[in-house]
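input14.cif, holding mmCIF, C-alpha atoms:
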data_coords
loop_
_atom_site.label_atom_id
_atom_site.label_comp_id
_atom_site.auth_asym_id
_atom_site.auth_seq_id
_atom_site.Cartn_x
_atom_site.Cartn_y
_atom_site.Cartn_z
CA MET A 1 109.54 148.21 -22.58
CA LEU A 2 107.15 149.73 -25.09
CA THR A 3 103.41 149.40 -24.72
CA ALA A 4 101.29 148.09 -27.60
CA ASP A 5 100.16 151.55 -28.68
CA LEU A 6 103.79 152.70 -29.19
CA ILE A 7 105.01 149.91 -31.46
CA ARG A 8 106.22 150.88 -34.93
CA ALA A 9 105.84 147.81 -37.13
CA ARG A 10 104.27 146.60 -40.34
CA VAL A 11 102.94 143.25 -41.52
CA PHE A 12 104.29 141.85 -44.79
CA LYS A 13 103.22 138.43 -46.10
CA GLY A 14 102.47 137.08 -42.67
CA GLU A 15 105.66 138.45 -41.12
CA LEU A 16 105.82 141.11 -38.44
CA ARG A 17 108.59 143.61 -39.20
CA PRO A 18 109.46 146.30 -36.65
CA ARG A 19 110.45 149.67 -38.10
CA TYR A 20 113.89 150.08 -36.61
CA VAL A 21 115.58 153.48 -36.65
CA ASP A 22 119.05 154.22 -37.99
CA ALA A 23 121.00 154.91 -34.81
CA THR A 24 123.75 156.62 -36.84
CA ASP A 25 121.39 159.14 -38.47
CA ALA A 26 122.40 162.64 -37.34
CA GLY A 27 118.84 163.95 -37.25
CA VAL A 28 117.49 161.12 -35.12
CA GLN A 29 120.53 161.30 -32.86
CA SER A 30 119.89 165.01 -32.37
CA LEU A 31 116.30 164.30 -31.33
CA ALA A 32 117.34 161.57 -28.89
CA THR A 33 120.07 163.75 -27.35
CA ALA A 34 117.67 166.67 -26.95
CA MET A 35 115.14 164.44 -25.19
CA VAL A 36 117.78 163.10 -22.80
CA GLU A 37 118.91 166.66 -22.00
CA THR A 38 115.30 167.71 -21.44
CA PHE A 39 114.85 165.00 -18.84
CA ARG A 40 118.06 166.01 -17.07
CA ALA A 41 117.07 169.69 -17.08
CA HIS A 42 113.83 168.90 -15.23
CA VAL A 43 115.32 167.17 -12.21
CA GLY A 44 113.62 168.72 -9.20
CA MET A 45 110.64 169.87 -11.26
CA LYS A 46 107.16 168.42 -11.68
CA ARG A 47 106.49 165.64 -14.15
CA GLY A 48 103.71 167.71 -15.72
CA GLU A 49 106.26 170.41 -16.51
CA LEU A 50 108.45 167.80 -18.21
CA ASP A 51 105.48 166.63 -20.30
CA VAL A 52 104.92 170.18 -21.52
CA ALA A 53 108.60 170.60 -22.41
CA LEU A 54 108.61 167.31 -24.36
CA ALA A 55 105.52 168.38 -26.29
CA GLU A 56 107.22 171.64 -27.24
CA LEU A 57 110.37 169.75 -28.27
CA THR A 58 108.65 167.31 -30.62
CA GLY A 59 106.19 169.91 -31.95
CA GLU A 60 103.81 168.82 -34.69
CA GLY A 61 106.03 166.04 -36.01
CA THR A 62 104.30 163.17 -37.79
CA ASP A 63 106.45 160.44 -36.26
CA TYR A 64 104.81 160.72 -32.86
CA LEU A 65 105.29 156.99 -32.18
CA LEU A 66 109.06 157.46 -32.20
CA HIS A 67 108.86 160.53 -29.96
CA ARG A 68 106.53 158.88 -27.47
CA GLY A 69 108.51 155.64 -27.57
CA LEU A 70 111.78 157.38 -26.71
CA ALA A 71 110.03 159.30 -23.94
CA LYS A 72 108.55 156.04 -22.57
CA LEU A 73 112.00 154.44 -22.35
CA LEU A 74 113.40 157.50 -20.59
CA TYR A 75 110.46 157.65 -18.19
CA ASP A 76 111.06 153.99 -17.32
CA LYS A 77 114.51 154.94 -16.02
CA THR A 78 113.39 158.18 -14.34
CA THR A 79 112.68 158.24 -10.62
CA THR A 80 110.06 160.49 -9.05
CA GLU A 81 108.71 161.03 -5.59
CA VAL A 82 105.84 162.79 -3.85
CA LYS A 83 107.06 165.96 -2.17
CA ALA A 84 104.46 167.48 0.12
CA PRO A 85 104.61 169.10 3.58
CA LEU A 86 101.61 166.99 4.66
CA ASP A 87 100.01 163.73 3.54
CA PRO A 88 97.94 164.63 0.42
CA ARG A 89 95.22 162.11 1.32
CA GLU A 90 94.75 163.59 4.77
CA LEU A 91 94.76 167.10 3.33
CA ARG A 92 92.04 166.26 0.81
CA ARG A 93 89.92 164.63 3.47
CA ALA A 94 90.21 167.69 5.71
CA VAL A 95 89.49 170.15 2.87
CA PHE A 96 86.51 168.19 1.53
CA GLU A 97 84.97 167.83 4.98
CA ALA A 98 85.41 171.54 5.70
CA SER A 99 84.03 172.48 2.28
CA ALA A 100 80.97 170.25 2.71
CA LYS A 101 80.00 172.10 5.89
CA VAL A 102 79.81 175.48 4.09
CA HIS A 103 78.86 174.31 0.58
CA PRO A 104 79.16 175.99 -1.78
CA ALA A 105 82.53 177.67 -1.30
CA VAL A 106 83.09 180.19 -4.10
CA GLN A 107 86.04 182.02 -5.55
CA VAL A 108 84.63 185.50 -4.83
CA ALA A 109 82.14 186.12 -2.01
CA ASP A 110 78.85 187.90 -2.60
CA ALA A 111 75.68 188.62 -0.63
CA LEU A 112 74.38 185.07 -1.12
CA HIS A 113 77.64 183.09 -0.88
CA THR A 114 79.79 184.44 1.89
CA VAL A 115 82.38 181.64 2.20
CA THR A 116 85.24 181.51 -0.28
CA ARG A 117 87.67 178.78 -1.23
CA ASP A 118 90.52 180.68 0.42
CA MET A 119 88.58 180.88 3.67
CA VAL A 120 88.13 177.10 3.68
CA LEU A 121 91.84 176.56 3.03
CA ASP A 122 92.76 179.04 5.75
CA GLY A 123 90.55 177.21 8.20
CA VAL A 124 92.10 173.84 7.33
CA ALA A 125 95.60 175.31 7.57
CA ALA A 126 94.88 176.76 11.00
CA ALA A 127 93.47 173.43 12.22
CA LEU A 128 96.56 171.57 10.99
CA GLY A 129 99.00 174.18 12.22
CA THR A 130 100.35 175.11 8.80
CA THR A 131 99.86 177.71 6.06
CA ARG A 132 97.43 177.96 3.18
CA GLU A 133 100.34 177.74 0.73
CA ALA A 134 101.41 174.42 2.25
CA VAL A 135 97.86 173.09 1.98
CA GLU A 136 97.62 174.07 -1.68
CA GLU A 137 101.06 172.64 -2.44
CA GLY A 138 100.28 169.28 -0.90
CA LEU A 139 96.62 168.91 -1.83
CA TYR A 140 97.26 166.99 -5.07
CA ALA A 141 101.01 166.36 -4.77
CA ASP A 142 100.54 162.59 -5.14
CA LEU A 143 99.08 162.83 -8.65
CA ALA A 144 101.42 161.68 -11.44
CA ASP A 145 101.77 165.14 -12.99
CA GLU A 146 102.61 166.67 -9.61
CA GLU A 147 105.36 164.22 -8.65
CA ARG A 148 108.85 165.68 -8.50
CA ILE A 149 111.63 164.22 -10.67
CA THR A 150 114.53 163.14 -8.47
CA GLU A 151 116.79 161.41 -11.00
CA ALA A 152 117.00 161.34 -14.79
CA PRO A 153 118.65 158.56 -16.85
CA GLU A 154 122.30 158.93 -17.80
CA ILE A 155 122.41 157.71 -21.39
CA ALA A 156 123.81 158.99 -24.67
CA GLY A 157 121.50 159.76 -27.58
CA GLU A 158 122.83 156.96 -29.80
CA ALA A 159 122.59 154.45 -26.94
CA LEU A 160 118.95 155.48 -26.44
CA LEU A 161 118.24 154.74 -30.10
CA HIS A 162 119.83 151.30 -29.81
CA ARG A 163 117.72 150.69 -26.71
CA TYR A 164 114.64 151.77 -28.69
CA ASN A 165 115.33 149.27 -31.48
CA VAL A 166 115.73 146.46 -28.95
CA ALA A 167 112.48 147.54 -27.29
CA LEU A 168 110.66 147.20 -30.63
CA ALA A 169 111.88 143.61 -30.97
CA GLN A 170 110.98 142.92 -27.33
CA ALA A 171 107.47 144.23 -27.95
CA ALA A 172 107.02 141.55 -30.62
CA LEU A 173 108.29 138.81 -28.30
CA LEU A 174 105.82 139.87 -25.61
CA ARG A 175 103.20 138.16 -27.75
CA ALA A 176 105.20 135.01 -28.48
CA SER A 177 104.70 131.54 -27.01
CA LYS A 178 108.14 130.19 -27.91
CA LEU A 179 111.34 131.22 -29.61
CA VAL A 180 113.50 129.07 -31.91
CA VAL A 181 117.12 130.21 -32.16
CA HIS A 182 119.66 128.96 -34.70
CA LEU A 183 123.16 129.29 -33.22
CA GLY A 184 126.28 129.06 -35.29
CA ASP A 185 129.34 127.16 -34.10
CA GLY A 186 131.37 129.33 -31.76
CA ASP A 187 133.09 129.69 -28.43
CA PRO A 188 131.56 127.26 -25.87
CA ALA A 189 131.95 129.98 -23.24
CA ARG A 190 129.46 132.07 -25.18
CA TYR A 191 127.07 129.15 -25.32
CA ARG A 192 127.34 128.65 -21.58
CA GLN A 193 126.68 132.33 -21.02
CA LEU A 194 123.58 132.17 -23.20
CA PHE A 195 122.22 129.03 -21.53
CA ARG A 196 122.79 130.52 -18.09
CA TRP A 197 120.78 133.60 -19.07
CA ALA A 198 118.04 131.26 -20.28
CA LYS A 199 118.00 129.59 -16.87
CA PHE A 200 118.12 132.95 -15.10
CA TYR A 201 114.94 134.01 -16.91
CA ARG A 202 113.37 130.61 -16.14
CA LEU A 203 113.16 129.54 -19.76
CA ILE A 204 112.90 125.85 -20.51
CA HIS A 205 115.13 125.00 -23.44
CA THR A 206 115.91 122.12 -25.72
CA ALA A 207 118.86 121.99 -28.09
CA GLU A 208 119.52 119.88 -31.14
CA ARG A 209 122.67 119.59 -33.20
CA ALA A 210 122.32 121.13 -36.66
CA LEU A 211 124.60 121.73 -39.62
CA ASN A 212 127.30 124.17 -38.46
CA GLY A 213 125.63 124.87 -35.14
CA TRP A 214 122.69 124.21 -32.86
CA VAL A 215 118.94 124.80 -32.81
CA LEU A 216 117.76 126.12 -29.45
CA THR A 217 114.03 126.06 -28.65
CA LEU A 218 112.99 128.22 -25.70
CA ASP A 219 109.81 127.20 -23.94
CA GLY A 220 108.47 127.63 -20.45
CA PRO A 221 105.92 126.82 -17.76
CA ALA A 222 103.42 129.44 -18.89
CA SER A 223 103.57 128.60 -22.59
CA VAL A 224 100.83 126.00 -22.21
CA LEU A 225 98.44 128.87 -21.42
CA GLN A 226 98.05 130.63 -24.75
CA GLN A 227 96.29 133.61 -23.19
CA SER A 228 99.09 134.20 -20.70
CA SER A 229 101.55 137.03 -21.43
CA LYS A 230 103.89 136.13 -18.57
CA TYR A 231 106.05 133.87 -20.68
CA GLY A 232 106.28 136.48 -23.44
CA VAL A 233 107.73 138.86 -20.86
CA GLN A 234 110.44 136.31 -20.05
CA LEU A 235 111.28 135.88 -23.74
CA ALA A 236 111.44 139.65 -24.19
CA GLU A 237 113.74 140.02 -21.20
CA PHE A 238 115.98 137.26 -22.58
CA LEU A 239 116.50 139.01 -25.94
CA PRO A 240 119.25 141.43 -24.78
CA ALA A 241 121.22 138.39 -23.55
CA LEU A 242 120.80 136.70 -26.93
CA LEU A 243 122.17 139.84 -28.59
CA LEU A 244 125.52 139.18 -26.90
CA ALA A 245 125.96 135.99 -28.95
CA PRO A 246 128.14 136.46 -32.07
CA SER A 247 126.16 134.65 -34.76
CA TRP A 248 122.50 133.64 -34.62
CA LYS A 249 119.03 134.01 -36.09
CA ALA A 250 115.71 133.47 -34.38
CA GLU A 251 112.04 133.04 -35.24
CA ALA A 252 108.94 133.31 -33.09
CA ALA A 253 105.25 132.73 -33.66
CA VAL A 254 103.32 135.72 -32.32
CA ARG A 255 99.67 136.63 -31.93
CA TRP A 256 99.30 140.20 -33.10
CA GLY A 257 96.65 142.87 -32.74
CA PRO A 258 93.15 142.81 -31.25
CA GLN A 259 92.26 139.84 -33.45
CA ARG A 260 95.40 137.98 -32.24
CA ARG A 261 96.43 137.30 -35.80
CA GLU A 262 99.09 134.61 -36.08
CA LEU A 263 102.29 136.07 -37.53
CA VAL A 264 105.98 135.24 -37.69
CA PHE A 265 108.62 137.49 -36.17
CA LYS A 266 112.25 137.07 -37.24
CA VAL A 267 115.32 138.64 -35.67
CA ALA A 268 119.01 137.94 -36.23
CA SER A 269 122.47 139.12 -35.28
CA ALA A 270 122.72 140.67 -38.75
CA ASP A 271 119.96 143.14 -37.84
CA GLY A 272 122.50 145.12 -35.84
CA LEU A 273 120.56 145.30 -32.58
CA VAL A 274 122.82 146.31 -29.69
CA SER A 275 122.33 144.88 -26.21
CA HIS A 276 122.28 147.22 -23.24
CA LEU A 277 123.44 144.45 -20.91
CA PRO A 278 127.06 144.58 -19.76
CA ASP A 279 129.01 141.72 -21.33
CA LYS A 280 130.63 140.33 -18.19
CA GLY A 281 130.41 136.65 -18.99
CA ALA A 282 128.07 134.17 -17.36
CA TYR A 283 125.81 135.57 -14.67
CA VAL A 284 126.11 134.10 -11.19
CA THR A 285 122.80 133.91 -9.35
CA ARG A 286 122.59 134.19 -5.58
CA GLU A 287 121.52 130.54 -5.38
CA GLU A 288 124.54 129.41 -7.42
CA GLN A 289 126.95 131.47 -5.35
CA TRP A 290 125.40 130.06 -2.18
CA VAL A 291 126.08 126.51 -3.36
CA LEU A 292 129.64 127.39 -4.41
CA ASP A 293 130.41 129.00 -1.06
CA ARG A 294 128.92 126.17 1.02
CA PHE A 295 130.67 123.50 -1.05
CA ALA A 296 134.01 125.29 -0.71
CA ALA A 297 133.61 125.29 3.06
CA LEU A 298 133.50 121.48 3.16
CA GLU A 299 136.67 119.59 4.02
CA SER A 300 136.91 117.72 0.76
CA PRO A 301 139.43 117.45 -2.07
CA TRP A 302 136.54 117.96 -4.48
CA LYS A 303 136.19 121.55 -5.71
CA LEU A 304 133.07 122.93 -7.37
CA HIS A 305 133.42 125.14 -10.44
CA ARG A 306 131.02 126.81 -12.84
CA GLU A 307 133.14 126.10 -15.90
CA GLY A 308 131.81 123.30 -18.05
CA SER A 309 131.98 122.18 -21.66
CA PHE A 310 129.37 121.00 -24.13
CA VAL A 311 128.19 117.42 -23.82
CA ASP A 312 126.31 116.14 -26.85
CA LEU A 313 123.27 114.03 -25.97
CA GLY A 314 123.20 111.68 -28.92
CA GLY A 315 122.36 114.44 -31.37
CA ARG A 316 119.05 115.09 -29.57
CA GLY A 317 120.20 117.88 -27.31
CA VAL A 318 123.06 119.34 -25.40
CA LEU A 319 124.14 119.40 -21.79
CA ILE A 320 125.99 122.42 -20.43
CA PRO A 321 126.45 121.60 -16.75
CA ASP A 322 125.67 124.23 -14.14
CA PHE A 323 128.66 123.04 -12.13
CA VAL A 324 131.65 120.75 -12.56
CA ALA A 325 133.11 119.06 -9.48
CA LYS A 326 136.84 118.42 -9.93
CA HIS A 327 139.14 116.12 -7.96
CA PRO A 328 142.92 116.59 -7.73
CA ASP A 329 143.39 113.17 -9.34
CA GLY A 330 141.75 114.46 -12.53
CA ARG A 331 138.24 113.04 -12.17
CA GLU A 332 135.28 115.29 -12.98
CA VAL A 333 131.56 115.05 -12.19
CA TYR A 334 128.95 117.18 -13.91
CA VAL A 335 126.11 118.77 -11.92
CA GLU A 336 122.91 119.79 -13.72
CA VAL A 337 120.19 121.73 -11.83
CA LEU A 338 116.70 121.28 -13.30
CA GLY A 339 114.94 124.06 -11.46
CA PHE A 340 112.31 125.58 -13.73
CA TRP A 341 110.84 122.72 -15.72
CA ARG A 342 107.28 121.46 -15.97
CA LYS A 343 106.79 117.91 -14.79
CA ASP A 344 106.20 116.61 -18.31
CA THR A 345 109.23 118.33 -19.83
CA LEU A 346 111.32 117.41 -16.79
CA GLN A 347 110.50 113.75 -17.36
CA GLN A 348 111.52 114.08 -21.01
CA ARG A 349 114.79 115.70 -19.95
CA LEU A 350 115.53 112.95 -17.46
CA GLU A 351 114.82 110.26 -20.04
CA LEU A 352 117.18 111.98 -22.47
CA LEU A 353 119.92 112.16 -19.84
CA ARG A 354 119.39 108.52 -18.90
CA ALA A 355 119.70 107.43 -22.50
CA HIS A 356 122.48 109.70 -23.75
CA GLY A 357 123.93 111.53 -20.77
CA PRO A 358 127.39 110.88 -19.31
CA PRO A 359 127.65 108.41 -16.41
CA ASN A 360 129.46 110.95 -14.20
CA LEU A 361 126.44 113.23 -13.84
CA VAL A 362 124.45 114.41 -10.83
CA VAL A 363 120.99 115.80 -11.59
CA ALA A 364 119.48 118.12 -8.96
CA VAL A 365 115.67 118.21 -9.01
CA PRO A 366 113.35 120.40 -6.87
CA TRP A 367 111.20 118.56 -4.34
CA LYS A 368 107.96 119.73 -5.97
CA LEU A 369 109.00 118.05 -9.25
CA ARG A 370 110.43 114.89 -7.69
CA ASP A 371 107.88 112.46 -9.21
CA GLY A 372 109.75 109.97 -11.34
CA ALA A 373 113.15 111.32 -10.31
CA GLU A 374 113.56 110.56 -6.63
CA ASP A 375 116.22 107.98 -5.82
CA ASP A 376 116.53 106.89 -9.43
CA ASP A 377 119.90 107.27 -11.09
CA GLY A 378 118.57 105.84 -14.36
CA GLY A 379 122.08 105.26 -15.58
CA THR A 380 122.96 108.95 -15.50
CA GLY A 381 124.98 108.83 -12.30
CA ASP A 382 122.65 110.09 -9.55
CA VAL A 383 119.64 112.26 -8.79
CA LEU A 384 119.60 114.70 -5.90
CA VAL A 385 116.19 115.95 -4.74
CA PHE A 386 116.33 119.26 -2.86
CA LYS A 387 113.70 121.44 -1.22
CA ASP A 388 114.56 125.13 -0.93
CA VAL A 389 118.29 125.08 -1.61
CA ILE A 390 120.85 122.47 -2.56
CA VAL A 391 122.59 121.19 0.58
CA ALA A 392 126.33 121.16 -0.09
CA LYS A 393 127.00 118.05 2.02
CA SER A 394 124.32 116.07 0.18
CA LEU A 395 125.72 117.26 -3.14
CA LEU A 396 129.20 116.09 -2.16
CA GLU A 397 127.85 112.65 -1.30
CA ARG A 398 126.21 112.38 -4.71
CA VAL A 399 129.36 113.61 -6.44
CA GLU A 400 131.47 110.96 -4.72
CA ARG A 401 128.93 108.29 -5.65
CA ALA A 402 128.86 109.40 -9.29
CA ALA A 403 132.67 109.51 -9.39
CA GLN A 404 132.82 105.78 -8.71
CA VAL A 405 131.82 105.05 -12.32
CA ILE A 406 134.92 106.74 -13.69
CA ALA A 407 138.57 106.04 -13.11
CA ALA A 408 141.20 108.63 -12.43
CA PRO A 409 143.30 109.34 -15.51
CA ARG A 410 146.74 107.81 -15.42
CA PRO A 411 149.69 110.20 -15.31
CA ALA A 412 151.70 110.37 -18.48
CA SER A 413 154.55 107.86 -18.44
CA ARG A 414 158.09 109.06 -18.74
CA ARG A 415 160.45 107.26 -21.02
CA ARG A 416 163.84 106.48 -19.52
CA LYS A 417 166.83 107.71 -21.32
CA ARG A 418 169.04 104.89 -22.35
CA SER A 419 172.61 105.08 -21.21
CA PRO A 420 175.09 105.38 -24.05
CA PRO A 421 176.95 102.18 -24.78
#

So, in terms of structure tokens, how does the structure I just supplied come out?
Amino acid sequence: MLTADLIRARVFKGELRPRYVDATDAGVQSLATAMVETFRAHVGMKRGELDVALAELTGEGTDYLLHRGLAKLLYDKTTTEVKAPLDPRELRRAVFEASAKVHPAVQVADALHTVTRDMVLDGVAAALGTTREAVEEGLYADLADEERITEAPEIAGEALLHRYNVALAQAALLRASKLVVHLGDGDPARYRQLFRWAKFYRLIHTAERALNGWVLTLDGPASVLQQSSKYGVQLAEFLPALLLAPSWKAEAAVRWGPQRRELVFKVASADGLVSHLPDKGAYVTREEQWVLDRFAALESPWKLHREGSFVDLGGRGVLIPDFVAKHPDGREVYVEVLGFWRKDTLQQRLELLRAHGPPNLVVAVPWKLRDGAEDDDGGTGDVLVFKDVIVAKSLLERVERAAQVIAAPRPASRRRKRSPP
């Protein structure tokens, strides 16, 4: 992401507006491509040498924020390592101790100063069983400018510009406490994908039905601490996932600048920001896959799936189950995992589910948030309290209990053909 000193934005009537670049502009594309090629050309060389080459490339251009911002994004994806024949810290200790014994060591000896720098290095090299060249090479090899570039990012110039525009929007969200997203009506699969990303980034969310869509409010555990930037990081990381949605607009309240001025930041699908995330559908976390695998290993006709549809909660929210347990006779039980909620918002969620949720619902609640939820079905079906992971056998028991409130659908009747008279 971009640091605060690299953000290109202006304030207009209380609104923060990032200065996006035109990713189709030939001149800007040429600059981005040249920077990518410069990084690739310096694989195996020192980072300081790359810095010099980038300075020569950008020259005396006035738009230094763009140049430095592109370089920052490329550096974030560049790997470096310390390459030295000996441990630089041990080398410095040996050289400094040897130099202190003969202080001062000079460049050229004279009648008063008879010990030179080269003599000190030769002595250290002899003591360590190496050469003076090796000592000089490794003496400061662990400094940032001396690190060797081992891998440069593989990215096209236009893709780098799209990534830069997204980074500008993310920089604004770093200073946000919450994000309100207006989603248009669309494919439920897209909604599920978006909500799963929200859960992956540990974002607490509430949803309300609106005209031709939904209003999604993203909140989180750290939002109650206005001075904390942790939650802003989660919102910023969520943005590329939001960009995969087809039609939306969002608004965030941000605190901007040293004075933490309260501004509004708006972003929408119409802005043309392009996500760098691969669009592979809903993300499966390791915890979710663990539950799916353990549940599948049970000898039960119930099968656990991740596919689920929208369930309206009386116009006050929406339920998109994490799992759906399906029986061969047609019965279904929803499973909702409330893993990253504060105790107060968790209680509100449980009350909403009790009042407007479906009866065939199992709610899984972490042990640390169990207050008010343990052993209380509240009319929602059942509540499963788990510690570290959800135990598949316990989940199956709750699913079977919740399934008792629904009847298996009757098979469609077949009309007999009447015999001709």

**Prompt:** Which residue gives the smallest distance to Asp388 of chain A among A:Asp312, A:Glu336, A:Glu287, A:Glu147, with all atoms listed in the file counted?
**Reply:**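 Under the stated criterion, the closest residue is A:Glu287.
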
**Message:** Between atom CA of Trp248 of chain A and atom CA of His182 of chain A, what distance in Å does the model show, to one decimal?
**Reply:** 5.5 Å

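Among the candidates A:Trp256, A:Gly232, A:Arg190, A:Glu37, the residue lying nearest to Pro153 of chain A is A:Glu37 (atoms considered: all atoms listed in the file).
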
**Message:** For a quick check of understanding, using only C-alpha atoms, which of A:Arg306, A:Arg398, A:Arg93, A:Arg209 has the smallest distance to Gln289 of chain A?
**Reply:**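 Counting only C-alpha atoms, the residue closest to Gln289 of chain A is A:Arg306.
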
**Request:** Starting from the displayed file, determine the output of the PyMOL selection byres ((chain A and resi 166) around 8) and express the residue list as a list in words.
**Result:**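 Taken on the displayed file, the PyMOL selection byres ((chain A and resi 166) around 8) yields the residues His162, Arg163, Tyr164, Asn165, Ala167, Leu168, Ala169, Gln170, Pro240, Leu273, Val274 and Ser275 of chain A.
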
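Distance-wise, atom CA of Val135 of chain A and atom CA of Ala84 of chain A end up 8.9 Å apart.
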
**Nearest-residue call for Pro301 of chain A, choices A:Glu400, A:Glu49, A:Asp142, A:Asp219, using all atoms listed in the file** = A:Glu400

**Request:** Check which residues satisfy the PyMOL selection byres ((chain A and resi 328) around 10) in the file shown, then give them as a ChimeraX atom specification.
**Result:** /A:301-303,326-327,329-332,408
